[in-house]
Amino acid sequence: MVIQANATATAVTAAADATLSTDSDYKKITAGWATGHVDGVSFSIDKLVVPVAGDYYISFWATVKVPTINNFIGIKYAINDVAPYSTRKIVEQSVTANDYKNMSASGIIASLAANDTISVYIAGTKTDNLVVQEAGLTVMLIHPN
């Protein structure tokens, strides 16, 4: 799934956990998602749906506009929109007002069930209106269970 030329912000409140490790500090990125290249995997509004049980490779990238100076932002993925979210996160820091941060990561998710969903969440150490202007999330089946 992809985001192209999005201008709608995701409002986040200042994270209680300055390390951005606490799932409850994260808000789901819902604005701007559209179907990208899908082959077997389904797109549903703001998430991808895997077709069969198995191990999956995921890849994510984004350009995020961060209005507030010195705001650390973190991105995690979630399975079925349920905590715990991913144990690893991508973190960047803004250094100027309206800073643009480019973020990317990839990894393997083991043992998904058929029809599980994958979505993306964002947090910040300061209250802010983060704009994910461009993004992509790809999922590929590595090994069916």
# chains A, B, ... in the order shown; residues from 1 in each chain; ligands from 1
call {"tool": "residues_around", "arguments": {"residues": "segment 24-32 of chain A", "least_positions_apart": "6", "cutoff": "6 Å", "atoms": "only C-alpha atoms", "output": "list of chain:residue names"}}
result
A:Ile3, A:Asn6, A:Ala15, A:Asp46, A:Val120, A:Tyr121, A:Ile122, A:Ala123
call {"tool": "write_last_selection", "arguments": {"atoms": "N, CA, C and O atoms", "output": "compact mmCIF listing (two decimals), in the first residue's frame"}}
result
# COMPACT_ATOMS: atom_id res chain seq x y z
N ILE A 3 1.21 5.80 0.15
CA ILE A 3 0.70 7.14 0.39
C ILE A 3 1.42 8.04 -0.60
O ILE A 3 2.65 7.99 -0.70
N ASN A 6 0.21 13.16 0.37
CA ASN A 6 -0.76 13.35 1.45
C ASN A 6 -0.47 14.65 2.19
O ASN A 6 0.67 14.99 2.44
N ALA A 15 4.44 11.61 23.92
CA ALA A 15 4.56 10.25 24.47
C ALA A 15 4.91 10.31 25.95
O ALA A 15 5.74 11.12 26.38
N ASP A 46 -6.55 1.01 5.44
CA ASP A 46 -5.28 1.46 6.02
C ASP A 46 -4.43 0.29 6.53
O ASP A 46 -3.65 0.43 7.45
N VAL A 120 0.38 0.42 10.27
CA VAL A 120 1.52 1.21 10.71
C VAL A 120 1.06 2.29 11.69
O VAL A 120 0.05 2.96 11.47
N TYR A 121 1.85 2.47 12.75
CA TYR A 121 1.55 3.42 13.83
C TYR A 121 2.71 4.39 14.01
O TYR A 121 3.86 4.05 13.74
N ILE A 122 2.39 5.60 14.51
CA ILE A 122 3.40 6.65 14.69
C ILE A 122 3.24 7.32 16.05
O ILE A 122 2.12 7.41 16.57
N ALA A 123 4.35 7.77 16.63
CA ALA A 123 4.34 8.46 17.92
C ALA A 123 5.37 9.58 17.88
O ALA A 123 6.26 9.61 17.02
call {"tool": "residues_around", "arguments": {"residues": "Pro84 of chain A", "least_positions_apart": "4", "cutoff": "10 Å", "atoms": "only C-alpha atoms", "output": "ChimeraX atom specification"}}
result
/A:22-24,77-79
call {"tool": "select_by_dssp", "arguments": {"residues": "segment 13-144 of chain A", "states": "strand (DSSP E or B)", "output": "ChimeraX atom specification"}}
result
/A:14,27-28,33-34,42-44,47-49,54-66,72-79,82,90-93,99-112,117-124,128-144
call {"tool": "residues_around", "arguments": {"residues": "segment 131-145 of chain A", "least_positions_apart": "5", "cutoff": "7 Å", "atoms": "only C-alpha atoms", "output": "PyMOL selection string"}}
result
chain A and resi 1-10+52-66
call {"tool": "write_last_selection", "arguments": {"atoms": "N, CA and C atoms", "output": "PDB file, in the first residue's frame"}}
result
ATOM      1  N   MET A   1       0.850  -1.166   0.000  1.00  0.00           N
ATOM      2  CA  MET A   1       0.000   0.000   0.000  1.00  0.00           C
ATOM      3  C   MET A   1       0.893   1.224   0.000  1.00  0.00           C
ATOM      4  N   VAL A   2       0.362   2.331  -0.472  1.00  0.00           N
ATOM      5  CA  VAL A   2       1.180   3.535  -0.639  1.00  0.00           C
ATOM      6  C   VAL A   2       0.427   4.778  -0.179  1.00  0.00           C
ATOM      7  N   ILE A   3       1.212   5.796   0.146  1.00  0.00           N
ATOM      8  CA  ILE A   3       0.701   7.145   0.386  1.00  0.00           C
ATOM      9  C   ILE A   3       1.419   8.040  -0.600  1.00  0.00           C
ATOM     10  N   GLN A   4       0.641   8.852  -1.331  1.00  0.00           N
ATOM     11  CA  GLN A   4       1.233   9.764  -2.313  1.00  0.00           C
ATOM     12  C   GLN A   4       0.656  11.162  -2.129  1.00  0.00           C
ATOM     13  N   ALA A   5       1.539  12.140  -1.918  1.00  0.00           N
ATOM     14  CA  ALA A   5       1.164  13.553  -1.822  1.00  0.00           C
ATOM     15  C   ALA A   5       0.086  13.804  -0.769  1.00  0.00           C
ATOM     16  N   ASN A   6       0.205  13.159   0.368  1.00  0.00           N
ATOM     17  CA  ASN A   6      -0.762  13.347   1.454  1.00  0.00           C
ATOM     18  C   ASN A   6      -0.472  14.654   2.188  1.00  0.00           C
ATOM     19  N   ALA A   7      -1.526  15.376   2.565  1.00  0.00           N
ATOM     20  CA  ALA A   7      -1.392  16.608   3.349  1.00  0.00           C
ATOM     21  C   ALA A   7      -2.150  16.534   4.670  1.00  0.00           C
ATOM     22  N   THR A   8      -2.804  15.415   4.944  1.00  0.00           N
ATOM     23  CA  THR A   8      -3.584  15.258   6.174  1.00  0.00           C
ATOM     24  C   THR A   8      -2.675  14.759   7.290  1.00  0.00           C
ATOM     25  N   ALA A   9      -2.700  15.482   8.405  1.00  0.00           N
ATOM     26  CA  ALA A   9      -1.829  15.150   9.535  1.00  0.00           C
ATOM     27  C   ALA A   9      -2.406  14.042  10.398  1.00  0.00           C
ATOM     28  N   THR A  10      -1.509  13.351  11.073  1.00  0.00           N
ATOM     29  CA  THR A  10      -1.868  12.445  12.153  1.00  0.00           C
ATOM     30  C   THR A  10      -1.509  13.164  13.443  1.00  0.00           C
ATOM     31  N   VAL A  52      -2.625 -16.179   3.422  1.00  0.00           N
ATOM     32  CA  VAL A  52      -2.402 -17.519   3.969  1.00  0.00           C
ATOM     33  C   VAL A  52      -1.510 -17.445   5.198  1.00  0.00           C
ATOM     34  N   ALA A  53      -1.594 -18.446   6.034  1.00  0.00           N
ATOM     35  CA  ALA A  53      -0.724 -18.533   7.198  1.00  0.00           C
ATOM     36  C   ALA A  53       0.717 -18.729   6.743  1.00  0.00           C
ATOM     37  N   GLY A  54       1.642 -18.077   7.425  1.00  0.00           N
ATOM     38  CA  GLY A  54       3.038 -18.252   7.087  1.00  0.00           C
ATOM     39  C   GLY A  54       3.926 -17.163   7.648  1.00  0.00           C
ATOM     40  N   ASP A  55       5.177 -17.196   7.215  1.00  0.00           N
ATOM     41  CA  ASP A  55       6.172 -16.202   7.599  1.00  0.00           C
ATOM     42  C   ASP A  55       6.260 -15.175   6.468  1.00  0.00           C
ATOM     43  N   TYR A  56       6.300 -13.898   6.825  1.00  0.00           N
ATOM     44  CA  TYR A  56       6.260 -12.812   5.849  1.00  0.00           C
ATOM     45  C   TYR A  56       7.427 -11.845   6.021  1.00  0.00           C
ATOM     46  N   TYR A  57       7.880 -11.327   4.910  1.00  0.00           N
ATOM     47  CA  TYR A  57       8.876 -10.254   4.882  1.00  0.00           C
ATOM     48  C   TYR A  57       8.115  -8.951   4.699  1.00  0.00           C
ATOM     49  N   ILE A  58       8.434  -7.923   5.518  1.00  0.00           N
ATOM     50  CA  ILE A  58       7.801  -6.616   5.339  1.00  0.00           C
ATOM     51  C   ILE A  58       8.874  -5.564   5.099  1.00  0.00           C
ATOM     52  N   SER A  59       8.495  -4.578   4.320  1.00  0.00           N
ATOM     53  CA  SER A  59       9.371  -3.447   4.026  1.00  0.00           C
ATOM     54  C   SER A  59       8.532  -2.178   4.092  1.00  0.00           C
ATOM     55  N   PHE A  60       9.051  -1.156   4.769  1.00  0.00           N
ATOM     56  CA  PHE A  60       8.328   0.095   4.946  1.00  0.00           C
ATOM     57  C   PHE A  60       9.274   1.264   4.722  1.00  0.00           C
ATOM     58  N   TRP A  61       8.751   2.331   4.116  1.00  0.00           N
ATOM     59  CA  TRP A  61       9.497   3.593   4.000  1.00  0.00           C
ATOM     60  C   TRP A  61       8.499   4.737   4.082  1.00  0.00           C
ATOM     61  N   ALA A  62       8.979   5.911   4.502  1.00  0.00           N
ATOM     62  CA  ALA A  62       8.093   7.071   4.593  1.00  0.00           C
ATOM     63  C   ALA A  62       8.893   8.363   4.596  1.00  0.00           C
ATOM     64  N   THR A  63       8.266   9.411   4.097  1.00  0.00           N
ATOM     65  CA  THR A  63       8.735  10.778   4.271  1.00  0.00           C
ATOM     66  C   THR A  63       7.716  11.444   5.177  1.00  0.00           C
ATOM     67  N   VAL A  64       8.178  11.888   6.351  1.00  0.00           N
ATOM     68  CA  VAL A  64       7.296  12.458   7.365  1.00  0.00           C
ATOM     69  C   VAL A  64       7.678  13.916   7.614  1.00  0.00           C
ATOM     70  N   LYS A  65       6.692  14.806   7.500  1.00  0.00           N
ATOM     71  CA  LYS A  65       6.892  16.219   7.841  1.00  0.00           C
ATOM     72  C   LYS A  65       6.627  16.380   9.327  1.00  0.00           C
ATOM     73  N   VAL A  66       7.627  16.901  10.056  1.00  0.00           N
ATOM     74  CA  VAL A  66       7.547  17.065  11.503  1.00  0.00           C
ATOM     75  C   VAL A  66       7.568  18.563  11.821  1.00  0.00           C
TER      76      VAL A  66
END
call {"tool": "residues_around", "arguments": {"residues": "Thr96 of chain A", "least_positions_apart": "4", "cutoff": "10 Å", "atoms": "only C-alpha atoms", "output": "list of chain:residue names"}}
result
A:Val66, A:Pro67, A:Thr68, A:Ile69, A:Asn70, A:Asn71, A:Tyr100
call {"tool": "residues_around", "arguments": {"residues": "Asp116 of chain A", "least_positions_apart": "4", "cutoff": "6 Å", "atoms": "only C-alpha atoms", "output": "list of chain:residue names"}}
result
A:Val49, A:Val50, A:Asn80
call {"tool": "closest_residue", "arguments": {"among": "A:Ala18, A:Ile90, A:Leu48, A:Val38", "to": "Ala114 of chain A", "atoms": "only C-alpha atoms"}}
result
A:Leu48
call {"tool": "atom_distance", "arguments": {"atom1": "atom CA of Ile108 of chain A", "atom2": "atom CA of Phe43 of chain A"}}
result
19.3 Å
call {"tool": "closest_residue", "arguments": {"among": "A:Ala105, A:Val41, A:Val91, A:Ala14", "to": "Phe72 of chain A", "atoms": "only C-alpha atoms"}}
result
A:Val91
call {"tool": "atom_distance", "arguments": {"atom1": "atom CA of Thr125 of chain A", "atom2": "atom CA of Val12 of chain A"}}
result
8.9 Å
call {"tool": "atom_distance", "arguments": {"atom1": "atom CA of Glu92 of chain A", "atom2": "atom CA of Thr13 of chain A"}}
result
16.6 Å
call {"tool": "closest_residue", "arguments": {"among": "A:Met103, A:Ala16, A:Ile118, A:Ala113", "to": "Val82 of chain A", "atoms": "only C-alpha atoms"}}
result
A:Ile118
